[in-house]
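Participant: See model.tsv below, with TSV, C-alpha atoms.
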chain	number	residue	atom	x	y	z
A	14	MET	CA	-40.48	-77.65	-11.68
A	15	SER	CA	-38.41	-75.67	-14.11
A	16	THR	CA	-41.53	-73.84	-15.37
A	17	THR	CA	-42.37	-72.71	-11.83
A	18	THR	CA	-38.82	-71.53	-11.29
A	19	VAL	CA	-38.86	-69.50	-14.50
A	20	GLU	CA	-42.18	-67.88	-13.61
A	21	THR	CA	-40.96	-67.05	-10.10
A	22	SER	CA	-37.77	-65.52	-11.47
A	23	ALA	CA	-39.73	-63.48	-13.99
A	24	ALA	CA	-42.05	-62.21	-11.25
A	25	VAL	CA	-39.10	-61.23	-9.06
A	26	SER	CA	-37.41	-59.41	-11.93
A	27	GLU	CA	-40.65	-57.54	-12.71
A	28	GLN	CA	-40.92	-56.48	-9.05
A	29	ASP	CA	-37.27	-55.32	-9.05
A	30	SER	CA	-37.80	-53.28	-12.20
A	31	ALA	CA	-40.98	-51.75	-10.81
A	32	ALA	CA	-39.35	-50.85	-7.46
A	33	PRO	CA	-38.09	-47.24	-7.27
A	34	ARG	CA	-34.37	-46.84	-7.61
A	35	PRO	CA	-32.59	-45.38	-4.59
A	36	ARG	CA	-31.71	-41.70	-4.92
A	37	LYS	CA	-28.07	-40.84	-5.18
A	38	VAL	CA	-26.88	-39.09	-2.07
A	39	ARG	CA	-24.29	-36.39	-2.64
A	40	GLY	CA	-21.20	-36.84	-0.50
A	41	ARG	CA	-20.45	-34.29	2.16
A	42	GLU	CA	-17.32	-33.24	0.34
A	43	LYS	CA	-19.25	-32.52	-2.89
A	44	ARG	CA	-21.03	-29.21	-3.37
A	45	GLY	CA	-23.89	-28.35	-5.63
A	46	PRO	CA	-23.63	-25.86	-8.50
A	47	ALA	CA	-25.23	-23.07	-6.46
A	48	ALA	CA	-22.87	-23.52	-3.50
A	49	SER	CA	-19.85	-23.72	-5.81
A	50	LEU	CA	-20.92	-20.57	-7.65
A	51	ALA	CA	-21.48	-18.72	-4.37
A	52	SER	CA	-18.09	-19.74	-2.95
A	53	HIS	CA	-16.30	-18.71	-6.14
A	54	GLY	CA	-18.15	-15.39	-6.13
A	55	ILE	CA	-17.12	-14.70	-2.54
A	56	LEU	CA	-13.49	-15.59	-3.27
A	57	ILE	CA	-13.40	-13.39	-6.36
A	58	THR	CA	-14.96	-10.49	-4.45
A	59	GLY	CA	-12.48	-10.90	-1.62
A	60	SER	CA	-9.57	-10.97	-4.07
A	61	LEU	CA	-10.78	-7.80	-5.78
A	62	VAL	CA	-11.15	-6.05	-2.42
A	63	ALA	CA	-7.60	-7.05	-1.48
A	64	LEU	CA	-6.06	-6.11	-4.83
A	65	PHE	CA	-7.89	-2.84	-5.39
A	66	PRO	CA	-5.75	-0.68	-3.03
A	67	VAL	CA	-2.56	-2.04	-4.59
A	68	ALA	CA	-3.82	-1.47	-8.13
A	69	TRP	CA	-5.01	2.02	-7.19
A	70	LEU	CA	-1.62	2.90	-5.69
A	71	VAL	CA	0.15	1.73	-8.85
A	72	TYR	CA	-2.27	3.75	-10.95
A	73	LEU	CA	-1.68	6.93	-8.92
A	74	SER	CA	2.08	6.43	-9.13
A	75	LEU	CA	1.85	6.83	-12.92
A	76	GLY	CA	0.43	10.34	-12.70
A	77	PRO	CA	3.02	13.06	-13.45
A	78	ASP	CA	1.54	15.76	-11.19
A	79	LYS	CA	1.37	15.77	-7.40
A	80	ASP	CA	-2.34	16.70	-7.47
A	81	ASP	CA	-3.40	13.98	-9.89
A	82	TYR	CA	-4.89	12.00	-7.02
A	83	LEU	CA	-7.63	14.64	-6.87
A	84	HIS	CA	-8.55	13.97	-10.51
A	85	PRO	CA	-7.61	10.31	-11.10
A	86	GLY	CA	-9.57	10.09	-14.32
A	87	GLY	CA	-7.05	12.31	-16.11
A	88	ILE	CA	-4.09	10.05	-15.32
A	89	TRP	CA	-5.06	7.53	-17.99
A	90	ASP	CA	-4.18	9.87	-20.86
A	91	LYS	CA	-0.82	10.99	-19.46
A	92	MET	CA	0.68	7.92	-17.78
A	93	THR	CA	4.43	8.09	-17.30
A	94	LEU	CA	7.25	6.42	-15.40
A	95	ASP	CA	8.91	9.73	-14.54
A	96	ASN	CA	8.00	9.39	-10.86
A	97	TYR	CA	9.97	6.16	-10.59
A	98	ALA	CA	12.91	7.67	-12.43
A	99	PHE	CA	12.95	10.68	-10.12
A	100	VAL	CA	12.79	8.55	-6.97
A	101	LEU	CA	15.61	6.28	-8.11
A	102	GLN	CA	17.86	9.06	-9.41
A	103	HIS	CA	17.24	12.12	-7.24
A	104	THR	CA	16.47	10.78	-3.77
A	105	ASN	CA	18.31	8.63	-1.21
A	106	PHE	CA	16.17	5.65	-2.11
A	107	PHE	CA	19.04	3.17	-2.32
A	108	ALA	CA	20.50	4.38	1.00
A	109	TRP	CA	17.06	3.94	2.57
A	110	LEU	CA	16.77	0.50	0.99
A	111	LYS	CA	20.16	-0.53	2.35
A	112	SER	CA	19.22	0.62	5.84
A	113	SER	CA	15.87	-1.17	5.68
A	114	LEU	CA	17.44	-4.42	4.52
A	115	ILE	CA	20.17	-4.28	7.18
A	116	VAL	CA	17.68	-3.63	9.96
A	117	SER	CA	15.02	-6.05	8.69
A	118	LEU	CA	17.35	-8.96	7.98
A	119	GLY	CA	19.21	-8.35	11.24
A	120	THR	CA	15.94	-8.37	13.15
A	121	THR	CA	14.87	-11.53	11.33
A	122	VAL	CA	18.05	-13.47	12.07
A	123	LEU	CA	18.49	-12.34	15.68
A	124	GLY	CA	14.79	-12.39	16.50
A	125	VAL	CA	14.14	-15.86	15.09
A	126	LEU	CA	17.26	-17.24	16.80
A	127	VAL	CA	16.23	-15.91	20.22
A	128	ALA	CA	12.57	-16.83	19.73
A	129	ALA	CA	13.41	-20.37	18.57
A	130	THR	CA	15.69	-21.12	21.51
A	131	THR	CA	13.15	-19.60	23.91
A	132	GLY	CA	10.22	-21.50	22.47
A	133	TYR	CA	12.16	-24.77	22.45
A	134	ALA	CA	13.32	-24.34	26.05
A	135	VAL	CA	9.78	-23.70	27.29
A	136	SER	CA	8.36	-26.53	25.18
A	137	ARG	CA	10.87	-29.19	26.27
A	138	MET	CA	12.33	-28.13	29.63
A	139	ARG	CA	10.52	-27.76	32.94
A	140	PHE	CA	12.34	-25.14	34.97
A	141	PRO	CA	10.87	-23.04	37.80
A	142	GLY	CA	8.58	-20.36	36.43
A	143	TYR	CA	8.57	-21.56	32.82
A	144	ARG	CA	4.84	-20.93	32.48
A	145	LYS	CA	5.03	-17.46	34.01
A	146	PHE	CA	7.97	-16.65	31.74
A	147	MET	CA	5.83	-16.96	28.61
A	148	TRP	CA	3.13	-14.78	30.15
A	149	VAL	CA	5.75	-12.16	31.00
A	150	LEU	CA	6.70	-12.08	27.31
A	151	LEU	CA	3.07	-11.55	26.45
A	152	VAL	CA	2.69	-8.73	28.98
A	153	THR	CA	5.54	-6.82	27.33
A	154	GLN	CA	3.32	-6.38	24.25
A	155	MET	CA	0.66	-4.52	26.21
A	156	PHE	CA	2.57	-1.26	26.57
A	157	PRO	CA	2.00	1.37	23.85
A	158	VAL	CA	4.90	2.67	21.80
A	159	ALA	CA	4.61	6.17	23.30
A	160	VAL	CA	5.28	4.77	26.77
A	161	LEU	CA	8.30	2.73	25.67
A	162	MET	CA	9.92	5.44	23.57
A	163	VAL	CA	11.57	7.46	26.34
A	164	PRO	CA	13.03	4.60	28.43
A	165	MET	CA	14.28	2.84	25.30
A	166	TYR	CA	15.95	6.03	24.09
A	167	GLN	CA	17.63	6.45	27.47
A	168	ILE	CA	18.85	2.85	27.47
A	169	LEU	CA	20.21	3.11	23.93
A	170	GLY	CA	21.85	6.44	24.84
A	171	ASP	CA	23.61	4.85	27.81
A	172	LEU	CA	24.78	2.02	25.56
A	173	ARG	CA	25.79	4.50	22.82
A	174	LEU	CA	23.54	2.73	20.35
A	175	VAL	CA	21.41	5.70	19.28
A	176	ASP	CA	21.65	6.25	15.51
A	177	SER	CA	23.03	2.75	14.98
A	178	TYR	CA	21.63	-0.20	13.10
A	179	PHE	CA	22.27	-2.62	15.96
A	180	GLY	CA	20.38	-0.43	18.42
A	181	LEU	CA	17.34	-0.32	16.14
A	182	ILE	CA	17.57	-4.10	15.60
A	183	LEU	CA	17.46	-4.65	19.36
A	184	VAL	CA	14.42	-2.40	19.65
A	185	TYR	CA	12.58	-4.30	16.93
A	186	CYS	CA	13.48	-7.62	18.56
A	187	THR	CA	11.58	-6.53	21.66
A	188	THR	CA	8.48	-6.55	19.47
A	189	ALA	CA	9.19	-9.60	17.32
A	190	VAL	CA	10.62	-12.04	19.88
A	191	PRO	CA	7.60	-12.36	22.24
A	192	TYR	CA	5.14	-13.17	19.46
A	193	CYS	CA	7.56	-15.48	17.63
A	194	ALA	CA	8.43	-17.29	20.88
A	195	TRP	CA	4.75	-18.08	21.46
A	196	LEU	CA	4.35	-19.15	17.84
A	197	LEU	CA	7.37	-21.44	17.83
A	198	LYS	CA	6.57	-22.87	21.26
A	199	GLY	CA	3.22	-24.03	19.90
A	200	TYR	CA	4.94	-25.50	16.84
A	201	PHE	CA	7.60	-27.32	18.87
A	202	ASP	CA	4.80	-28.86	20.95
A	203	THR	CA	3.62	-30.69	17.81
A	204	ILE	CA	7.02	-32.37	17.31
A	205	PRO	CA	7.15	-35.72	19.18
A	206	PHE	CA	9.38	-35.93	22.25
A	207	GLU	CA	10.68	-39.25	20.95
A	208	ILE	CA	12.87	-37.34	18.49
A	209	ASP	CA	14.67	-35.63	21.39
A	210	GLU	CA	15.10	-38.95	23.15
A	211	ALA	CA	16.51	-40.51	19.98
A	212	GLY	CA	19.02	-37.67	19.74
A	213	ARG	CA	20.16	-38.23	23.32
A	214	VAL	CA	20.54	-41.95	22.66
A	215	ASP	CA	22.79	-41.10	19.70
A	216	GLY	CA	24.94	-38.95	21.98
A	217	LEU	CA	23.76	-35.48	20.95
A	218	THR	CA	23.75	-32.65	23.43
A	219	PRO	CA	20.48	-30.75	24.00
A	220	PHE	CA	21.68	-27.99	21.71
A	221	GLY	CA	22.83	-30.55	19.13
A	222	THR	CA	19.41	-32.17	19.21
A	223	PHE	CA	17.79	-28.78	18.77
A	224	ALA	CA	20.04	-27.71	15.90
A	225	ARG	CA	20.31	-30.99	13.99
A	226	LEU	CA	16.94	-32.65	14.56
A	227	ILE	CA	14.31	-30.15	15.69
A	228	LEU	CA	15.08	-27.10	13.55
A	229	PRO	CA	14.87	-28.98	10.21
A	230	LEU	CA	11.42	-30.24	11.22
A	231	ALA	CA	10.34	-26.75	12.28
A	232	LYS	CA	10.97	-25.00	8.96
A	233	PRO	CA	7.32	-23.97	8.42
A	234	GLY	CA	7.14	-22.38	11.87
A	235	LEU	CA	10.50	-20.68	11.38
A	236	ALA	CA	9.29	-19.32	8.03
A	237	VAL	CA	6.28	-17.69	9.67
A	238	ALA	CA	8.41	-16.22	12.44
A	239	ALA	CA	10.93	-14.92	9.91
A	240	PHE	CA	8.24	-13.32	7.77
A	241	TYR	CA	6.61	-11.63	10.77
A	242	SER	CA	9.97	-10.32	12.02
A	243	PHE	CA	10.89	-9.03	8.57
A	244	ILE	CA	7.69	-7.10	7.89
A	245	THR	CA	7.61	-5.76	11.46
A	246	ALA	CA	11.02	-4.17	11.01
A	247	PHE	CA	10.58	-3.22	7.36
A	248	GLY	CA	7.45	-1.13	7.78
A	249	GLU	CA	7.92	0.36	11.26
A	250	VAL	CA	8.07	4.16	11.49
A	251	ALA	CA	7.91	5.42	15.09
A	252	PHE	CA	11.06	3.80	16.47
A	253	ALA	CA	13.05	4.39	13.28
A	254	THR	CA	12.14	8.08	13.27
A	255	THR	CA	13.20	8.50	16.90
A	256	PHE	CA	16.38	6.45	17.05
A	257	MET	CA	17.89	7.11	13.60
A	258	LEU	CA	19.21	10.67	13.33
A	259	ASP	CA	21.37	10.50	10.18
A	260	ASP	CA	19.29	10.88	7.02
A	261	GLN	CA	21.60	8.39	5.31
A	262	LYS	CA	20.45	5.78	7.81
A	263	TYR	CA	16.73	6.37	7.37
A	264	THR	CA	14.68	3.33	6.52
A	265	LEU	CA	12.28	3.35	3.59
A	266	ALA	CA	9.27	3.93	5.81
A	267	VAL	CA	10.92	7.02	7.31
A	268	GLY	CA	12.19	8.18	3.94
A	269	LEU	CA	8.60	8.43	2.73
A	270	GLN	CA	8.10	11.31	5.15
A	271	SER	CA	10.58	13.41	3.19
A	272	PHE	CA	7.94	13.84	0.47
A	273	ILE	CA	5.62	15.59	2.92
A	274	SER	CA	6.39	19.02	4.34
A	275	GLU	CA	4.33	21.62	6.17
A	276	HIS	CA	3.19	23.30	2.96
A	277	ASP	CA	3.58	20.62	0.32
A	278	ALA	CA	2.90	16.92	-0.29
A	279	GLN	CA	4.32	15.18	-3.33
A	280	ARG	CA	1.86	12.32	-3.39
A	281	ASN	CA	2.84	11.10	-6.83
A	282	LEU	CA	6.39	10.48	-5.62
A	283	MET	CA	5.08	8.90	-2.43
A	284	ALA	CA	2.98	6.48	-4.46
A	285	ALA	CA	5.93	5.53	-6.68
A	286	THR	CA	8.16	5.01	-3.63
A	287	ALA	CA	5.48	2.92	-1.93
A	288	VAL	CA	5.31	0.63	-4.97
A	289	LEU	CA	9.09	0.23	-4.92
A	290	ILE	CA	9.00	-0.49	-1.19
A	291	ALA	CA	6.57	-3.34	-1.75
A	292	ILE	CA	8.99	-5.18	-4.05
A	293	PRO	CA	11.42	-6.48	-1.35
A	294	VAL	CA	8.55	-7.58	0.88
A	295	SER	CA	6.91	-9.38	-2.04
A	296	ALA	CA	10.19	-11.11	-2.88
A	297	PHE	CA	10.66	-12.22	0.72
A	298	PHE	CA	7.07	-13.47	0.84
A	299	TYR	CA	7.68	-15.47	-2.35
A	300	LEU	CA	10.68	-17.18	-0.75
A	301	VAL	CA	8.80	-18.32	2.37
A	302	GLN	CA	5.23	-18.67	1.07
A	303	LYS	CA	5.47	-22.45	0.66
A	304	ASN	CA	5.84	-22.85	4.41
A	305	LEU	CA	3.57	-20.05	5.60
A	306	VAL	CA	0.23	-21.89	5.57
A	307	THR	CA	1.67	-25.00	7.21
A	308	GLY	CA	3.45	-22.96	9.84
A	309	LEU	CA	0.38	-20.88	10.67
A	310	THR	CA	-1.88	-23.89	11.20
A	311	ALA	CA	0.44	-26.56	12.60
A	312	GLY	CA	0.94	-24.84	15.94
A	313	GLY	CA	-2.77	-24.50	16.59
A	314	THR	CA	-3.19	-28.02	17.99
A	315	LYS	CA	-0.94	-30.42	19.80
A	316	GLY	CA	-0.57	-34.05	18.81
Take the structure in this file and express it as structure tokens.
Facilitator:
Amino acid sequence: MSTTTVETSAAVSEQDSAAPRPRKVRGREKRGPAASLASHGILITGSLVALFPVAWLVYLSLGPDKDDYLHPGGIWDKMTLDNYAFVLQHTNFFAWLKSSLIVSLGTTVLGVLVAATTGYAVSRMRFPGYRKFMWVLLVTQMFPVAVLMVPMYQILGDLRLVDSYFGLILVYCTTAVPYCAWLLKGYFDTIPFEIDEAGRVDGLTPFGTFARLILPLAKPGLAVAAFYSFITAFGEVAFATTFMLDDQKYTLAVGLQSFISEHDAQRNLMAATAVLIAIPVSAFFYLVQKNLVTGLTAGGTKG
């Protein structure tokens, strides 16, 4: 009996060893070497495409002559920081920077405050016409700047806000608030209603619930709205050129135009100023970049 059992076991083991082993199936999350190489190549190419204009601008800013952009190969042998020194010492760069920061930060604070309260009200409260209200905000973005320029100038003139920082901040808020309200409304929709109900049970007012419970949870969305408002105001030219009359109140984007005249264009100084302009925006992006990706994607779906 034992001999038969041994022979049977040996036969089974021989059959198991002779049977083909199952092929390993690669998981869906794992990529092959070719796919990984292709994805890395695409990412590297995309990064180079994005960085090339910035690197080229920095390179041109190191050329001492205004016509060096026509012969960029000669810049390498005569690189200098004189353009930056001239911009910082012999132009109104710091006055332009102050104006840009006042207007941009003012637009960011006021715009995000109005957009957050608007988005929260539409997300949580059901008042007559709340759906149409959001579409009205969207319609306001359909008018071109050339059409809005004259009526806005007349309104600011009647309010005596022409050539004032606050007037320009209000103008920029008309651009930033509609988009940010839609963005934050979508983000507030992802926050459970139970949090509002818990705040009411604890005795908080609607505004107390919004300020103490909802806003801390909405930091990623607020970061995106703040960044959009900041760069909208920081780089805008048309409204700033029209509504700011004092050259001491020019923003950096308007100040760049002082390097171009009817018969001359100091492109080396423009390039150096453009590099300096990018520094505040880069610093602001660094402060909010942790929340940007989360804020951009969280409002896309509800639940």
Participant: Please indicate the distance in Å from CA of Val294 in chain A to CA of Thr153 in chain A, rounded to one decimal place.
Facilitator: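 About the pair CA of Val294 in chain A and CA of Thr153 in chain A: they are 26.6 Å apart.
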Participant: Using all atoms listed in the file, pick whichever of A:Leu282, A:Ala211, A:Met162, A:Val301 has the shortest atom-to-atom distance to Thr255 in chain A.
Facilitator: A:Met162
Participant: Hey, what's within 9 Å of Val267 in chain A if we count only C-alpha atoms and toss same-chain stuff fewer than 4 positions away? As an NGL selection string, please?
Facilitator: :A and (109 or 248-251 or 253-254 or 263 or 271)
Participant: Measuring atom to atom with all atoms listed in the file, identify which of A:Phe240, A:Asp209, A:Val190, A:Arg173 is nearest to Pro293 in chain A.
Facilitator: A:Phe240
Participant: As number ranges by chain, please: the residues near Leu126 in chain A (cut-off 12 Å, all atoms listed in the file, same-chain neighbours under 6 positions excluded).
Facilitator: A: 119-120, 132-133, 186, 189-190, 193-194, 197, 223-224, 228, 235, 238-239, 242
